[in-house]
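Visitor: Here's a structure for you.
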Amino acid sequence: MKLKAKIFLLAIVPFMAAIAGIAFGVRHQATALASAQHDTTQSAYLASKEIELRHYVDLATSAIKPLYDEAGENARDDAILRSRALAMLEKMDFGQDGYFFVYDMHGRSLMHPREPDLVGRDLWTLRDPAGSLTIQQLIAAAAQGGGYVRYVWHRPSTGKLAPKLGYVVPLPRWGWMVGTGIYLDDVDTTLARIDQRASSDIEHTMLWIGAIALAGLCVIAVCALVLNVSEYRSADAKLKRLAQQVVESQENERARLSRELHDGISQMLVSVKLLLESALARFELSEPRVQPAEAALSTGIGRLGDALREVRRISHALRPSMLDDLGLAAALEQLTRELSAQGHLAIGFTHVTHDHAAHLPDTVKTALFRIAQEALTNIFRHAHATEAAVSLDVSASRVTLSISDDGRGFDVERVQADARAGVGLRNMRERLEALGGDLRLDSRPGHTIVTASVPIFARKALPIDMQANQS
């Protein structure tokens, strides 16, 4: 695994582990808090309902208290008072499903305003769907002086069984149990809404944590991308500097070899040639003359002259001394003359210098000369052209070199895409990119132009007369 991938994983894995831990902890705490809130709300709600039920029953017993206190030993009067009390309780209600009920202590229904068909029936053995003895539980709570009982009963508004919380008190002298109740499905609905809201809040919190995690991943990815791009740019810049150093080293080595050939081997060959020519002259003046020796010596002198010219040509090709001594324009003009003299290709040269033209650094001169050399060599070998032109334009901030010909042209896109066919063009482009310049190509049958342009920032512009002295 690459180092970048390891660094990326070292950033991602702890971050995701931390986010997962935070999400688990938040969800666990939120769930526990919602459960505690549910229990607290349920307890508080039921406590308030218990107080409310007790208050209702107190109101009911207070309403019939005068009748209850008036009851005596007269059975007829006592029955009338009981009937009046039942009538009063039957008329009292609080809401659609809030009513009072009365049973005797043996389980017989005495009054039920919502289910009158139960009145007079013995419900002592009545059981709910779970098998609990409902009326017996209510009577048992009343027998203890009053209390609360949870049971299941038909809800009048819906006609369905629903959980109910009842509160009952006894009327001992009449042998009654008076009570009321509230249905708990409303409580359950309220608690379900609270639980749903809490669950929704937890989900929203999880979504926020997920969004934060995603944003963090995006930030890490962007940072990694920026780091990768910066490293790529740094590596590319280093590679370009290295390539430039290699080119400079090659040029320096070529210059050294050119000097060695010109100043060393060339001078030695010239000295040998002079000695041989002196020997040939003596042979010609001596008597008797040795014709075979003179012919052999003359042939050797001719071949030595050819070798001397070849050494000078190689020395010039490696690094033309005119480029360093007289400048780029003179070197390009000499190059066009030499190539024109080698064959059928006529090459023209144009040099334009503007006011306050910039002084060309050595790196720029070398790069443009090599580009012209490469382009003209390609024209000479492949273009089948009859005419070519080289133009050098030097201004205060930019130097532009153009090489054109009337050859058969080439497919620019195909040559640039072919790694084997576009080596020369790629070398030109790399030389210019190292100097901040650009290369433009335009080719069609009968007209091809290669334009190299380089900005000049190295030195301030010099007056034209000083440039003439330097170039």
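Chain labels follow the order of the structure tokens: the first chain is A, the next B, and so on; residue numbering restarts at 1 in every chain, and ligands are counted from 1 in their shown order.
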I want to know what sits within 9 Å of Gln136 of chain A, based on only C-alpha atoms, with residues of the same chain fewer than 3 positions away left out; could you give that as a PyMOL selection string?
Guide: chain A and resi 105-107+123-126+132-133+139-141
Visitor: Could you dump the residues just selected with N, CA and C atoms as an mmCIF file, in the first residue's frame?
Guide:
data_model
loop_
_atom_site.group_PDB
_atom_site.id
_atom_site.type_symbol
_atom_site.label_atom_id
_atom_site.label_comp_id
_atom_site.auth_asym_id
_atom_site.auth_seq_id
_atom_site.Cartn_x
_atom_site.Cartn_y
_atom_site.Cartn_z
ATOM 1 N N MET A 105 -72.915 -3.293 47.125
ATOM 2 C CA MET A 105 -71.698 -4.006 47.533
ATOM 3 C C MET A 105 -71.739 -5.480 47.172
ATOM 4 N N HIS A 106 -72.835 -5.906 46.509
ATOM 5 C CA HIS A 106 -72.948 -7.293 46.058
ATOM 6 C C HIS A 106 -72.796 -7.406 44.547
ATOM 7 N N GLY A 107 -72.505 -6.291 43.889
ATOM 8 C CA GLY A 107 -72.210 -6.332 42.461
ATOM 9 C C GLY A 107 -73.381 -6.047 41.558
ATOM 10 N N LEU A 123 -73.637 -8.131 38.315
ATOM 11 C CA LEU A 123 -72.389 -8.203 37.560
ATOM 12 C C LEU A 123 -71.216 -8.677 38.419
ATOM 13 N N TRP A 124 -71.519 -9.364 39.475
ATOM 14 C CA TRP A 124 -70.495 -9.821 40.403
ATOM 15 C C TRP A 124 -69.449 -10.695 39.717
ATOM 16 N N THR A 125 -69.889 -11.517 38.793
ATOM 17 C CA THR A 125 -68.956 -12.444 38.115
ATOM 18 C C THR A 125 -68.504 -11.919 36.758
ATOM 19 N N LEU A 126 -68.717 -10.644 36.458
ATOM 20 C CA LEU A 126 -68.300 -10.083 35.166
ATOM 21 C C LEU A 126 -66.770 -10.089 35.050
ATOM 22 N N SER A 132 -60.061 -10.954 34.321
ATOM 23 C CA SER A 132 -60.122 -10.306 35.635
ATOM 24 C C SER A 132 -61.577 -10.018 36.003
ATOM 25 N N LEU A 133 -61.896 -10.156 37.308
ATOM 26 C CA LEU A 133 -63.242 -9.872 37.833
ATOM 27 C C LEU A 133 -63.343 -8.372 38.090
ATOM 28 N N ILE A 139 -65.349 -3.193 43.936
ATOM 29 C CA ILE A 139 -65.973 -3.304 45.273
ATOM 30 C C ILE A 139 -64.906 -3.474 46.340
ATOM 31 N N ALA A 140 -63.866 -4.245 46.021
ATOM 32 C CA ALA A 140 -62.795 -4.454 47.002
ATOM 33 C C ALA A 140 -62.093 -3.142 47.308
ATOM 34 N N ALA A 141 -61.858 -2.299 46.282
ATOM 35 C CA ALA A 141 -61.224 -1.003 46.512
ATOM 36 C C ALA A 141 -62.125 -0.094 47.326
#
Visitor: DSSP says helix (DSSP H, G or I) for which residues of segment 138-223 of chain A? Put them as a ChimeraX atom specification?
Guide: /A:138-143,185-223
Visitor: Quote the spacing between atom CA of Leu368 of chain A and atom CA of Leu401 of chain A in Å to one decimal place.
Guide: 7.1 Å
Visitor: Got a sec to tell me which of segment 353-407 of chain A DSSP assigns to strand (DSSP E), as a tab-separated table (two decimals) with N, CA and C atoms, in the first residue's frame?
Guide:
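Written file, states_7.tsv:
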chain	number	residue	atom	x	y	z
A	353	THR	N	14.36	43.13	-35.00
A	353	THR	CA	14.66	43.59	-33.65
A	353	THR	C	13.90	44.88	-33.38
A	387	GLU	N	11.22	25.12	-50.44
A	387	GLU	CA	11.56	26.38	-49.80
A	387	GLU	C	11.19	26.33	-48.32
A	388	ALA	N	11.99	27.02	-47.53
A	388	ALA	CA	11.72	27.14	-46.10
A	388	ALA	C	12.16	28.53	-45.65
A	389	ALA	N	11.64	28.96	-44.53
A	389	ALA	CA	11.97	30.30	-44.02
A	389	ALA	C	12.07	30.25	-42.51
A	390	VAL	N	13.07	30.97	-41.99
A	390	VAL	CA	13.27	31.10	-40.54
A	390	VAL	C	13.17	32.57	-40.20
A	391	SER	N	12.34	32.87	-39.18
A	391	SER	CA	12.15	34.27	-38.77
A	391	SER	C	12.37	34.37	-37.28
A	392	LEU	N	13.16	35.36	-36.86
A	392	LEU	CA	13.44	35.64	-35.45
A	392	LEU	C	12.98	37.05	-35.14
A	393	ASP	N	12.07	37.17	-34.17
A	393	ASP	CA	11.49	38.46	-33.79
A	393	ASP	C	11.77	38.68	-32.31
A	394	VAL	N	12.54	39.73	-31.99
A	394	VAL	CA	12.92	40.00	-30.60
A	394	VAL	C	12.32	41.35	-30.20
A	398	ARG	N	9.53	39.64	-25.25
A	398	ARG	CA	9.29	38.31	-25.81
A	398	ARG	C	10.14	38.13	-27.06
A	399	VAL	N	10.55	36.88	-27.27
A	399	VAL	CA	11.25	36.51	-28.48
A	399	VAL	C	10.46	35.40	-29.16
A	400	THR	N	10.26	35.53	-30.48
A	400	THR	CA	9.44	34.58	-31.23
A	400	THR	C	10.26	34.05	-32.41
A	401	LEU	N	10.30	32.72	-32.52
A	401	LEU	CA	11.00	32.06	-33.61
A	401	LEU	C	9.97	31.29	-34.44
A	402	SER	N	9.97	31.51	-35.77
A	402	SER	CA	9.05	30.84	-36.67
A	402	SER	C	9.82	30.13	-37.76
A	403	ILE	N	9.47	28.87	-38.02
A	403	ILE	CA	10.07	28.09	-39.10
A	403	ILE	C	8.93	27.58	-39.96
A	404	SER	N	8.92	27.91	-41.23
A	404	SER	CA	7.85	27.52	-42.15
A	404	SER	C	8.45	26.85	-43.38
A	405	ASP	N	7.61	26.05	-44.06
A	405	ASP	CA	8.05	25.39	-45.30
A	405	ASP	C	6.84	25.12	-46.17
Visitor: Considering only C-alpha atoms, return as a list in words whatever protein or nucleic-acid residues lie within 7 Å of Thr180 of chain A, sequence-local ones (same chain, fewer than 2 positions apart) excluded.
Guide: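 Near Thr180 of chain A, the qualifying residues are Leu53, Val57, Tyr99, Phe100, Phe101, Gly166, Tyr167 and Val168 of chain A.
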Visitor: Keeping C-alpha atoms for every residue in the selection just given, could you write it to a file as a PDB file, in the first residue's frame?
Guide:
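The result, written out as result_39.pdb:
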ATOM      1  CA  LEU A  53     -60.981  11.627  39.395  1.00  0.00           C
ATOM      2  CA  VAL A  57     -66.015  11.807  43.041  1.00  0.00           C
ATOM      3  CA  TYR A  99     -69.960   9.715  33.907  1.00  0.00           C
ATOM      4  CA  PHE A 100     -70.650   8.278  37.369  1.00  0.00           C
ATOM      5  CA  PHE A 101     -71.784   4.744  38.152  1.00  0.00           C
ATOM      6  CA  GLY A 166     -61.537   4.197  37.948  1.00  0.00           C
ATOM      7  CA  TYR A 167     -61.871   5.713  41.424  1.00  0.00           C
ATOM      8  CA  VAL A 168     -64.550   4.453  43.805  1.00  0.00           C
TER       9      VAL A 168
END
Visitor: So that I can check the surroundings of Leu184 of chain A, please list as a ChimeraX atom specification every protein, DNA and RNA residue that reaches within 12 Å of it, counting only C-alpha atoms and ignoring chain neighbours fewer than 4 positions away.
Guide: /A:42,45-46,49-50,97,150-155,161-166,188-191
Visitor: To one decimal place, how far is atom CA of Leu33 of chain A from atom CA of Phe15 of chain A in Å?
Guide: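 It comes out at 26.4 Å.
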Visitor: Which distance in Å separates atom CA of Gly145 of chain A and atom CA of Asp122 of chain A, to one decimal?
Guide: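 Distance reported for this atom pair: 22.3 Å.
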Visitor: With a distance cut-off of 12 Å and only C-alpha atoms, select the neighbouring residues of Leu89 of chain A, excluding the residue or stretch itself and same-chain residues fewer than 5 positions from it, and output the selection as a PyMOL selection string.
Guide: chain A and resi 56-57+59-65+67+82-84+94+98-102+110-113+178-180
Visitor: Pull N, CA and C atoms from the residues just selected and write them as a CSV table (one decimal), in the first residue's frame.
Guide:
chain,number,residue,atom,x,y,z
A,56,TYR,N,-63.7,14.7,41.1
A,56,TYR,CA,-65.0,14.5,40.5
A,56,TYR,C,-65.9,13.7,41.5
A,57,VAL,N,-65.3,12.6,42.1
A,57,VAL,CA,-66.0,11.8,43.0
A,57,VAL,C,-66.4,12.6,44.3
A,59,LEU,N,-67.0,15.8,44.3
A,59,LEU,CA,-68.1,16.7,43.9
A,59,LEU,C,-69.4,15.9,43.9
A,60,ALA,N,-69.3,14.7,43.4
A,60,ALA,CA,-70.6,13.8,43.3
A,60,ALA,C,-71.1,13.5,44.7
A,61,THR,N,-70.2,13.1,45.6
A,61,THR,CA,-70.6,12.7,47.0
A,61,THR,C,-71.1,14.0,47.7
A,62,SER,N,-70.5,15.1,47.4
A,62,SER,CA,-70.9,16.3,48.1
A,62,SER,C,-72.3,16.7,47.6
A,63,ALA,N,-72.6,16.5,46.4
A,63,ALA,CA,-73.9,16.8,45.8
A,63,ALA,C,-75.0,16.0,46.5
A,64,ILE,N,-74.7,14.7,46.7
A,64,ILE,CA,-75.8,13.9,47.3
A,64,ILE,C,-75.7,13.8,48.9
A,65,LYS,N,-74.7,14.5,49.4
A,65,LYS,CA,-74.5,14.4,50.9
A,65,LYS,C,-75.7,14.8,51.7
A,67,LEU,N,-78.8,14.4,50.9
A,67,LEU,CA,-79.8,13.3,50.9
A,67,LEU,C,-79.3,12.1,51.7
A,82,ARG,N,-82.8,7.7,48.1
A,82,ARG,CA,-81.8,7.0,47.3
A,82,ARG,C,-82.2,7.2,45.8
A,83,SER,N,-83.5,7.1,45.5
A,83,SER,CA,-83.9,7.4,44.1
A,83,SER,C,-83.5,8.8,43.6
A,84,ARG,N,-83.7,9.7,44.5
A,84,ARG,CA,-83.3,11.1,44.2
A,84,ARG,C,-81.8,11.2,44.0
A,94,PHE,N,-69.1,14.7,32.8
A,94,PHE,CA,-68.0,15.6,32.5
A,94,PHE,C,-67.4,15.1,31.2
A,98,GLY,N,-67.3,10.9,30.2
A,98,GLY,CA,-67.1,11.0,31.7
A,98,GLY,C,-68.5,10.9,32.4
A,99,TYR,N,-68.7,9.9,33.2
A,99,TYR,CA,-70.0,9.7,33.9
A,99,TYR,C,-69.7,9.0,35.2
A,100,PHE,N,-70.7,9.0,36.1
A,100,PHE,CA,-70.7,8.3,37.4
A,100,PHE,C,-71.5,7.0,37.3
A,101,PHE,N,-71.0,6.0,38.1
A,101,PHE,CA,-71.8,4.7,38.2
A,101,PHE,C,-71.9,4.4,39.6
A,102,VAL,N,-73.0,3.6,39.9
A,102,VAL,CA,-73.3,3.2,41.3
A,102,VAL,C,-73.6,1.7,41.3
A,110,LEU,N,-76.8,-0.3,40.0
A,110,LEU,CA,-77.9,0.6,40.4
A,110,LEU,C,-78.1,1.7,39.5
A,111,MET,N,-77.1,2.2,38.9
A,111,MET,CA,-77.2,3.4,37.9
A,111,MET,C,-76.0,3.4,37.0
A,112,HIS,N,-76.3,3.5,35.7
A,112,HIS,CA,-75.2,3.6,34.7
A,112,HIS,C,-75.8,4.4,33.5
A,113,PRO,N,-75.5,5.7,33.4
A,113,PRO,CA,-76.1,6.6,32.5
A,113,PRO,C,-75.8,6.2,31.0
A,178,VAL,N,-69.9,4.2,44.8
A,178,VAL,CA,-70.0,5.3,43.8
A,178,VAL,C,-68.6,5.5,43.2
A,179,GLY,N,-68.6,5.7,41.9
A,179,GLY,CA,-67.3,5.9,41.3
A,179,GLY,C,-67.4,6.5,39.9
A,180,THR,N,-66.3,6.8,39.4
A,180,THR,CA,-66.2,7.3,38.0
A,180,THR,C,-64.8,6.9,37.5
